[in-house]
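query-v5.cif follows; it contains mmCIF, C-alpha atoms and all ligand atoms.
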```cif
data_input
loop_
_atom_site.label_atom_id
_atom_site.label_comp_id
_atom_site.auth_asym_id
_atom_site.auth_seq_id
_atom_site.Cartn_x
_atom_site.Cartn_y
_atom_site.Cartn_z
CA MET P 17 49.86 201.71 -29.77
CA ALA P 18 50.84 198.08 -28.98
CA ASP P 19 47.57 197.71 -27.01
CA LEU P 20 45.67 197.99 -30.30
CA ILE P 21 47.13 194.65 -31.40
CA ASP P 22 44.55 192.17 -32.74
CA HIS P 23 45.18 188.80 -31.05
CA ARG P 24 42.65 186.88 -33.12
CA PHE P 25 43.81 184.36 -35.70
CA TYR P 26 41.80 184.26 -38.92
CA GLY P 27 43.62 181.56 -40.90
CA ARG P 28 43.46 177.74 -40.91
CA ARG P 29 44.56 175.78 -37.85
CA LYS P 30 44.17 172.34 -39.43
CA GLY P 31 44.44 170.99 -42.97
CA ARG P 32 44.38 167.46 -44.33
CA ARG P 33 44.54 164.65 -41.78
CA MET P 34 48.22 164.10 -40.90
CA ARG P 35 50.02 160.91 -41.91
CA VAL P 36 50.63 158.49 -39.00
CA ARG P 37 54.36 159.32 -38.87
CA GLN P 38 53.65 163.05 -38.90
CA LYS P 39 51.06 162.75 -36.14
CA GLN P 40 53.55 160.75 -34.03
CA ASP P 41 56.27 163.37 -34.57
CA PHE P 42 53.78 166.08 -33.74
CA ASN P 43 52.70 164.51 -30.44
CA GLN P 44 56.20 163.46 -29.34
CA LEU P 45 58.28 166.36 -30.55
CA LEU P 46 56.07 169.39 -30.08
CA PRO P 47 56.43 169.41 -26.25
CA LYS P 48 60.23 169.18 -26.64
CA PHE P 49 60.60 171.90 -29.27
CA SER P 50 57.85 174.32 -28.28
CA PHE P 51 57.38 176.73 -25.41
CA ASN P 52 54.62 178.64 -23.70
CA LEU P 53 54.95 182.16 -22.48
CA PRO P 54 56.06 182.35 -18.84
CA GLU P 55 53.92 184.13 -16.27
CA SER P 56 56.20 187.13 -15.88
CA SER P 57 55.68 190.09 -18.16
CA ARG P 58 58.83 189.78 -20.34
CA CYS P 59 60.55 186.54 -21.35
CA ASN P 60 64.23 185.99 -22.14
CA PRO P 61 64.27 184.14 -25.49
CA LYS P 62 67.80 182.80 -24.92
CA LEU P 63 66.39 180.66 -22.10
CA PHE P 64 64.22 178.70 -24.56
CA PHE P 65 67.39 177.00 -25.86
CA SER P 66 69.43 174.28 -24.18
CA ARG P 67 72.73 175.64 -25.56
CA PRO P 68 74.17 179.19 -25.59
CA THR P 69 73.12 181.14 -28.70
CA LYS P 70 75.01 183.92 -30.47
CA ASP P 71 71.76 185.64 -31.49
CA ILE P 72 68.03 184.96 -31.78
CA TRP P 73 66.21 185.11 -35.11
CA LEU P 74 62.43 184.92 -35.43
CA GLU P 75 60.21 183.68 -38.26
CA ILE P 76 56.53 184.61 -38.14
CA GLY P 77 54.11 182.32 -40.01
CA PHE P 78 56.69 179.74 -41.15
CA GLY P 79 54.08 177.65 -42.99
CA TYR P 80 55.65 174.22 -43.60
CA GLY P 81 58.99 175.47 -42.26
CA GLU P 82 61.25 174.89 -45.28
CA HIS P 83 62.91 178.31 -45.03
CA LEU P 84 63.34 178.02 -41.24
CA ALA P 85 64.80 174.50 -41.32
CA VAL P 86 67.44 175.42 -43.91
CA LEU P 87 68.43 178.60 -42.06
CA ALA P 88 68.72 176.70 -38.76
CA GLU P 89 70.89 174.02 -40.34
CA TYR P 90 73.28 176.58 -41.82
CA ASN P 91 73.43 178.75 -38.69
CA PRO P 92 73.90 176.32 -35.77
CA ASP P 93 75.03 179.05 -33.35
CA ILE P 94 71.81 181.07 -33.82
CA GLY P 95 68.66 180.22 -31.85
CA PHE P 96 65.57 180.27 -34.10
CA ILE P 97 62.04 180.92 -32.90
CA GLY P 98 59.29 179.98 -35.34
CA CYS P 99 55.65 181.04 -34.87
CA GLU P 100 52.93 179.14 -36.68
CA VAL P 101 49.36 178.09 -35.93
CA PHE P 102 48.70 175.71 -38.83
CA GLU P 103 49.18 172.23 -37.32
CA ASN P 104 50.10 170.45 -40.55
CA GLY P 105 52.85 173.00 -41.13
CA ILE P 106 54.14 172.58 -37.56
CA GLY P 107 54.10 168.78 -38.05
CA HIS P 108 56.09 169.13 -41.26
CA LEU P 109 58.75 171.24 -39.55
CA LEU P 110 58.95 168.82 -36.61
CA SER P 111 59.59 165.95 -39.04
CA ALA P 112 62.44 167.96 -40.62
CA ILE P 113 63.85 168.73 -37.16
CA ALA P 114 63.86 165.01 -36.31
CA GLU P 115 65.25 163.92 -39.68
CA LYS P 116 68.09 166.46 -39.72
CA ASN P 117 68.79 166.48 -35.97
CA ILE P 118 68.18 170.20 -35.73
CA GLU P 119 68.66 171.47 -32.15
CA ASN P 120 68.36 175.21 -32.53
CA ILE P 121 64.66 175.75 -33.36
CA ARG P 122 61.91 176.46 -30.84
CA ILE P 123 58.29 176.68 -31.95
CA PHE P 124 55.64 179.01 -30.61
CA PRO P 125 52.48 177.22 -31.85
CA GLN P 126 50.18 180.20 -31.43
CA PRO P 127 49.59 183.55 -33.12
CA ALA P 128 52.80 185.57 -32.96
CA GLN P 129 51.36 188.80 -31.54
CA PRO P 130 51.37 187.88 -27.81
CA LEU P 131 54.94 186.62 -28.11
CA LEU P 132 56.04 189.85 -29.78
CA GLN P 133 54.54 191.79 -26.90
CA ARG P 134 56.42 189.72 -24.34
CA LEU P 135 59.86 189.76 -25.96
CA PRO P 136 62.28 192.30 -24.45
CA ASP P 137 63.41 195.41 -26.33
CA GLN P 138 66.27 194.70 -28.73
CA SER P 139 66.25 190.95 -28.09
CA ILE P 140 66.06 189.75 -31.73
CA GLY P 141 68.67 190.07 -34.46
CA ARG P 142 66.59 189.20 -37.49
CA ILE P 143 62.88 188.78 -38.26
CA PHE P 144 61.31 186.99 -41.24
CA LEU P 145 57.74 187.48 -42.42
CA LEU P 146 57.44 185.61 -45.70
CA PHE P 147 54.33 185.60 -47.86
CA PRO P 148 51.94 186.61 -45.07
CA ASP P 149 48.25 186.03 -45.81
CA PRO P 150 47.17 188.80 -48.22
CA TRP P 151 43.52 189.20 -47.11
CA PRO P 152 42.73 190.85 -50.45
CA LYS P 153 39.23 192.13 -49.62
CA LYS P 154 39.22 195.73 -48.44
CA ARG P 155 36.99 194.90 -45.48
CA HIS P 156 39.56 192.33 -44.30
CA ALA P 157 42.55 194.69 -44.40
CA ARG P 158 42.75 194.83 -40.58
CA ARG P 159 43.45 191.06 -40.62
CA ARG P 160 46.77 191.58 -42.38
CA PHE P 161 49.73 190.96 -40.14
CA VAL P 162 51.42 194.18 -41.15
CA GLN P 163 49.71 197.04 -39.32
CA PRO P 164 51.18 200.20 -37.75
CA GLU P 165 51.04 198.50 -34.33
CA THR P 166 52.88 195.35 -35.43
CA ILE P 167 55.55 197.39 -37.23
CA GLU P 168 56.07 199.28 -33.97
CA LEU P 169 56.40 195.98 -32.07
CA LEU P 170 58.86 194.55 -34.59
CA GLY P 171 60.89 197.75 -34.29
CA ARG P 172 60.88 197.49 -30.50
CA ILE P 173 62.17 193.90 -30.30
CA LEU P 174 64.75 194.21 -33.09
CA LYS P 175 68.29 195.19 -32.14
CA ASP P 176 69.84 198.33 -33.57
CA GLY P 177 71.04 197.38 -37.04
CA GLY P 178 68.89 194.20 -36.98
CA GLU P 179 67.10 193.13 -40.12
CA LEU P 180 63.45 192.62 -41.01
CA ARG P 181 62.99 190.47 -44.12
CA MET P 182 59.63 190.24 -45.81
CA ALA P 183 58.32 188.85 -49.10
CA SER P 184 55.03 188.77 -50.96
CA ASP P 185 53.58 187.94 -54.36
CA ASP P 186 50.26 189.73 -53.88
CA PRO P 187 50.03 193.15 -55.62
CA GLY P 188 47.64 194.65 -53.04
CA LEU P 189 49.76 193.49 -50.12
CA ILE P 190 52.98 194.64 -51.80
CA THR P 191 51.61 198.19 -51.96
CA TRP P 192 50.25 197.94 -48.41
CA ILE P 193 53.54 196.72 -46.91
CA THR P 194 55.65 199.23 -48.84
CA GLU P 195 53.43 202.16 -47.81
CA HIS P 196 53.26 201.10 -44.17
CA MET P 197 56.99 200.46 -43.89
CA MET P 198 57.88 203.77 -45.54
CA ARG P 199 55.84 205.56 -42.87
CA SER P 200 57.83 203.94 -40.04
CA GLN P 201 60.59 206.04 -38.48
CA ASP P 202 62.29 202.89 -37.17
CA PHE P 203 63.34 201.23 -40.41
CA ARG P 204 65.48 201.92 -43.46
CA TRP P 205 64.81 200.01 -46.69
CA LEU P 206 68.06 198.34 -47.79
CA ALA P 207 67.28 198.41 -51.51
CA GLY P 208 70.48 198.96 -53.48
CA GLY P 209 68.77 199.67 -56.81
CA ALA P 210 65.41 199.72 -58.58
CA ASP P 211 65.38 195.96 -59.29
CA ASP P 212 66.84 194.97 -55.96
CA TRP P 213 63.54 193.81 -54.51
CA LEU P 214 62.98 191.39 -57.40
CA THR P 215 65.99 189.25 -56.51
CA ARG P 216 66.12 186.92 -53.52
CA PRO P 217 69.47 187.27 -51.71
CA ALA P 218 71.71 184.18 -51.79
CA ASP P 219 71.42 183.58 -48.03
CA TRP P 220 67.59 183.54 -48.16
CA PRO P 221 66.25 179.97 -48.59
CA LEU P 222 63.20 179.30 -50.74
CA SER P 223 59.84 179.00 -48.96
CA ARG P 224 56.89 176.91 -50.10
CA TYR P 225 54.69 179.89 -51.00
CA GLU P 226 57.51 181.48 -52.91
CA GLU P 227 57.98 178.30 -54.93
CA LYS P 228 54.23 178.19 -55.64
CA ALA P 229 54.29 181.80 -56.88
CA ILE P 230 57.31 181.20 -59.12
CA ASN P 231 55.72 178.04 -60.58
CA LYS P 232 52.67 180.12 -61.49
CA GLY P 233 54.92 182.65 -63.24
CA ILE P 234 54.38 185.32 -60.55
CA GLN P 235 57.36 187.50 -59.60
CA PRO P 236 57.63 187.83 -55.80
CA VAL P 237 59.16 190.85 -54.13
CA TYR P 238 61.70 190.69 -51.30
CA TRP P 239 62.21 193.48 -48.80
CA ARG P 240 65.14 193.93 -46.43
CA PHE P 241 64.74 196.64 -43.81
CA GLU P 242 67.37 197.67 -41.30
CA ARG P 243 66.36 198.66 -37.77
CA LEU P 244 67.76 202.16 -37.39
CA CYS P 245 69.93 202.84 -34.34
CA ARG P 246 68.04 204.36 -31.44
CA GLN P 247 69.05 207.85 -30.32
CA LYS P 248 71.18 207.62 -27.18
C1 LIG F 301 50.56 182.26 -46.92
S1 LIG F 301 51.27 181.31 -45.65
C2 LIG F 301 53.02 181.48 -45.95
C3 LIG F 301 53.81 180.41 -45.26
C4 LIG F 301 55.35 180.52 -45.40
N1 LIG F 301 55.85 181.72 -44.79
C5 LIG F 301 55.80 180.42 -46.82
O1 LIG F 301 56.31 181.43 -47.36
O2 LIG F 301 55.68 179.33 -47.41
C6 LIG F 301 51.05 182.34 -44.22
C7 LIG F 301 51.22 181.59 -42.93
O3 LIG F 301 51.18 182.51 -41.84
C8 LIG F 301 50.53 181.88 -40.76
N2 LIG F 301 50.01 182.95 -39.88
C9 LIG F 301 49.04 183.84 -40.18
N3 LIG F 301 48.85 184.69 -39.16
C10 LIG F 301 49.73 184.31 -38.19
C11 LIG F 301 50.01 184.81 -36.89
N4 LIG F 301 49.34 185.83 -36.38
N5 LIG F 301 50.98 184.20 -36.17
C12 LIG F 301 51.67 183.13 -36.68
N6 LIG F 301 51.44 182.62 -37.91
C13 LIG F 301 50.49 183.21 -38.65
C14 LIG F 301 49.44 181.04 -41.41
O4 LIG F 301 49.00 179.99 -40.57
C15 LIG F 301 50.14 180.55 -42.66
O5 LIG F 301 50.74 179.30 -42.47
#
```
Would you encode the structure as C-alpha cells?
Ligand SMILES: C[S@@+](CC[C@H](N)C(=O)[O-])C[C@H]1O[C@@H](n2cnc3c(N)ncnc32)[C@H](O)[C@@H]1O
Amino acid sequence: MADLIDHRFYGRRKGRRMRVRQKQDFNQLLPKFSFNLPESSRCNPKLFFSRPTKDIWLEIGFGYGEHLAVLAEYNPDIGFIGCEVFENGIGHLLSAIAEKNIENIRIFPQPAQPLLQRLPDQSIGRIFLLFPDPWPKKRHARRRFVQPETIELLGRILKDGGELRMASDDPGLITWITEHMMRSQDFRWLAGGADDWLTRPADWPLSRYEEKAINKGIQPVYWRFERLCRQK
C-alpha cells in the first residue's frame, strides 16, 4: 500500500519576497537545522539531534511554524521534526528558532511522504497534521494529504499508544478525514464526548490557520487519535 504514495507536491513553494533578515536567517540557519535523508533505507531520527531526546514528535506541513516553535520551547527534552515546503514559512520558523534559541527542532524542507517512508516502525511518539490543504474540488481529492496509504504510514511509524493530532476548518475535509480515520484498524479516536472535537486541548498551541479560521468566525475541529497497541 505504501508504494501507492503520491510524492508530488501541489502547493506553493514560495510566497512574497522574504525580508532581508529573513533571507539571511534562511540561508545561514537552514543548513544547521535541516537534514536530508541518508542513503540507507531507514533513518534513525534521534541522530538528527545533537543532544539525547526523550522522544521524537513530528509536525507535517507546519506552515509558519507557530505551533511547532511553542511546543519545542515547552518540551526541551523532545526532539521535533517539522516538514514544510513553503520557503517563507520555513524562514519564519528559522527566525523564531534564532530569536528563542531553540535547539530541539530539525526541519525536513521537502514533502513529508519520503521521510515517512524512511522512518523506522514505532519511532515517533506524536504526529501533528494541522489544517492540511483542503483541495475542495472533487477531482483534486487525491491531492489531500490524508489518504489510506498515508494513514497506514502514520500508523507504522507511531509508537503503540502514540498520538496523531489533526485539525481542520473545511467541512469537506472534516468529513473526509473522519471517514478515512474511522476505517483504519490502527487508530482509536480519543473523543470523550460529542463536543470534544470542538475544543482545542490546553497543551495544543494555536496555529496560524487556526487563528485565521477563528477570526472569520469558523469553528475548527480537533481530532486526537491513539495508535492502538500492536498484537504481540
Ligand atoms: C493550510 S497550510 C496550514 C499550515 C499550518 N499547519 C497551520 O495550521 O497554520 C498547509 C501547509 O501544509 C504544507 N504542505 C502541504 N503538503 C505538504 C507535504 N506533502 N509535506 C509537507 N508540507 C506540506 C503546505 O506547504 C502548507 O504550508
Which residues of stretch 107-217 of chain P come within 6 Å of stretch 63-79 of chain P, and what is each one's closest atom pair and distance in Å (one decimal), counting all atoms listed in the file, sorted by chain and residue number, as CSV?
```
residue,atom,partner,partner_atom,distance
P:Ile140,CA,P:Ile72,CA,5.2
P:Gly141,CA,P:Trp73,CA,5.6
P:Arg142,CA,P:Trp73,CA,4.7
P:Ile143,CA,P:Leu74,CA,4.8
P:Phe144,CA,P:Glu75,CA,4.6
P:Leu145,CA,P:Ile76,CA,5.3
```
Could I get the residues of chain P with an atom no further than 8 Å from an atom of ligand LIG 301 (chain F), each paired with its nearest atom pair and that distance in Å to one decimal, using all atoms listed in the file, sorted by chain and residue number, as CSV?
```
residue,atom,partner,partner_atom,distance
P:His23,CA,F:LIG301,N4,7.4
P:Arg24,CA,F:LIG301,N4,7.5
P:Phe25,CA,F:LIG301,N4,5.8
P:Tyr26,CA,F:LIG301,N3,7.1
P:Gly27,CA,F:LIG301,O4,5.6
P:Arg28,CA,F:LIG301,O4,6.0
P:Arg29,CA,F:LIG301,O4,6.7
P:Ile76,CA,F:LIG301,C12,5.3
P:Gly77,CA,F:LIG301,N6,3.4
P:Phe78,CA,F:LIG301,N1,4.2
P:Gly79,CA,F:LIG301,C3,3.6
P:Tyr80,CA,F:LIG301,O2,6.4
P:Gly81,CA,F:LIG301,C4,7.0
P:Glu82,CA,F:LIG301,O2,7.4
P:His83,CA,F:LIG301,C5,7.6
P:Cys99,CA,F:LIG301,C12,4.8
P:Glu100,CA,F:LIG301,N6,4.0
P:Val101,CA,F:LIG301,O4,5.0
P:Phe102,CA,F:LIG301,O4,4.6
P:Gly105,CA,F:LIG301,O5,6.8
P:Pro125,CA,F:LIG301,C12,7.7
P:Gln126,CA,F:LIG301,C12,6.2
P:Pro127,CA,F:LIG301,N5,3.4
P:Ala128,CA,F:LIG301,N5,3.9
P:Gln129,CA,F:LIG301,N4,6.0
P:Leu145,CA,F:LIG301,N1,6.5
P:Leu146,CA,F:LIG301,N1,4.3
P:Phe147,CA,F:LIG301,O1,4.6
P:Pro148,CA,F:LIG301,C6,4.4
P:Asp149,CA,F:LIG301,C1,4.6
P:Pro150,CA,F:LIG301,C1,7.5
P:Arg160,CA,F:LIG301,N3,7.9
P:Phe161,CA,F:LIG301,N4,6.4
P:Ala183,CA,F:LIG301,O1,7.9
P:Leu222,CA,F:LIG301,O1,8.0
P:Ser223,CA,F:LIG301,O2,4.5
P:Arg224,CA,F:LIG301,O2,3.8
P:Tyr225,CA,F:LIG301,O2,3.8
P:Glu226,CA,F:LIG301,O1,5.7
P:Glu227,CA,F:LIG301,O2,7.9
```
Quiz item: Which value, in Å to one decimal, gives the distance between atom CA of P:Trp205 and atom CA of P:Arg122?
Solution: 28.5 Å
Quiz item: In Å, with one decimal, what is the gap from atom CA of P:Gln163 to atom CA of P:Gln133?
Solution: 14.3 Å
Could you pull the residues within 8 Å of stretch 110-118 of chain P, counting only C-alpha atoms, minus those fewer than 6 positions along the same chain, as a PDB file with C-alpha atoms, in the coordinates of the input?
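Below is the file that was written, out24.pdb:
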```pdb
ATOM      1  CA  GLN P  38      53.650 163.050 -38.900  1.00  0.00           C
ATOM      2  CA  ASP P  41      56.270 163.370 -34.570  1.00  0.00           C
ATOM      3  CA  PHE P  42      53.780 166.080 -33.740  1.00  0.00           C
ATOM      4  CA  LEU P  45      58.280 166.360 -30.550  1.00  0.00           C
ATOM      5  CA  LEU P  46      56.070 169.390 -30.080  1.00  0.00           C
ATOM      6  CA  ALA P  85      64.800 174.500 -41.320  1.00  0.00           C
ATOM      7  CA  ALA P  88      68.720 176.700 -38.760  1.00  0.00           C
ATOM      8  CA  GLU P  89      70.890 174.020 -40.340  1.00  0.00           C
TER       9      GLU P  89
END
```
Self-check item: One-decimal distance in Å that lies between atom CA of P:Pro130 and atom CA of P:Tyr238
Solution: 25.8 Å
Practice problem: Identify, on the basis of only C-alpha atoms, every residue whose closest approach to P:Val162 does not exceed 10 Å; exclude the query and any residue fewer than 3 positions from it along the same chain; express the result as JSON, numbers by chain. | Solution: {"P": [145, 148, 149, 150, 157, 158, 159, 165, 166, 167, 168, 170, 189, 192, 193, 196, 197]}
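Look at P:Ile173: the protein and nucleic acid residues within 8 Å of it, using all atoms listed in the file and passing over chain neighbours fewer than 6 places away, are P:Leu132, P:Leu135, P:Pro136, P:Asp137, P:Gln138, P:Ser139, P:Ile140.
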Quiz item: Counting only C-alpha atoms, what is within 8 Å of stretch 206-215 of chain P, bar same-chain residues fewer than 2 positions away, as a list of chain:residue names?
Solution: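 Listed by chain and then number, they are P:Arg204, P:Pro217, P:Gln235, P:Pro236, P:Val237, P:Tyr238, P:Trp239, P:Arg240, P:Phe241, P:Glu242.
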Residue neighbourhood P:Arg243, 6 Å, all atoms listed in the file, exclusion window fewer than 4 positions, as a compact mmCIF listing (two decimals) with C-alpha atoms, keeping the file's coordinate frame:
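File written: around_30.txt
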```
# COMPACT_ATOMS: atom_id res chain seq x y z
CA ASP P 176 69.84 198.33 -33.57
CA GLY P 177 71.04 197.38 -37.04
CA GLY P 178 68.89 194.20 -36.98
CA ASP P 202 62.29 202.89 -37.17
CA PHE P 203 63.34 201.23 -40.41
```
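The shortest atom-to-atom distance to P:Glu103, with all atoms listed in the file taken into account, belongs to P:Asn43 out of P:Thr194, P:Asn231, P:Asn120, P:Asn43.
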Self-check item: Option closest in space to P:Arg181, from P:Asp93, P:Asp22, P:Asp219, P:Glu55 [counting all atoms listed in the file]
Solution: P:Asp219
Quiz item: Which residue out of P:His108, P:Lys228, P:Arg246, P:Arg199 has the minimum interatomic distance to P:Leu174 when all atoms listed in the file are used?
Solution: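 Ranked by minimum distance to P:Leu174, first place goes to P:Arg246.
If you measure from each of P:Lys30, P:Lys48, P:Arg37, P:Arg172 to P:Gln201 using only C-alpha atoms, the closest one turns out to be P:Arg172.
Distances to P:Glu179 were evaluated for P:Met34, P:Lys62, P:Cys245, P:Gly107 using all atoms listed in the file, and the minimum falls at P:Cys245.
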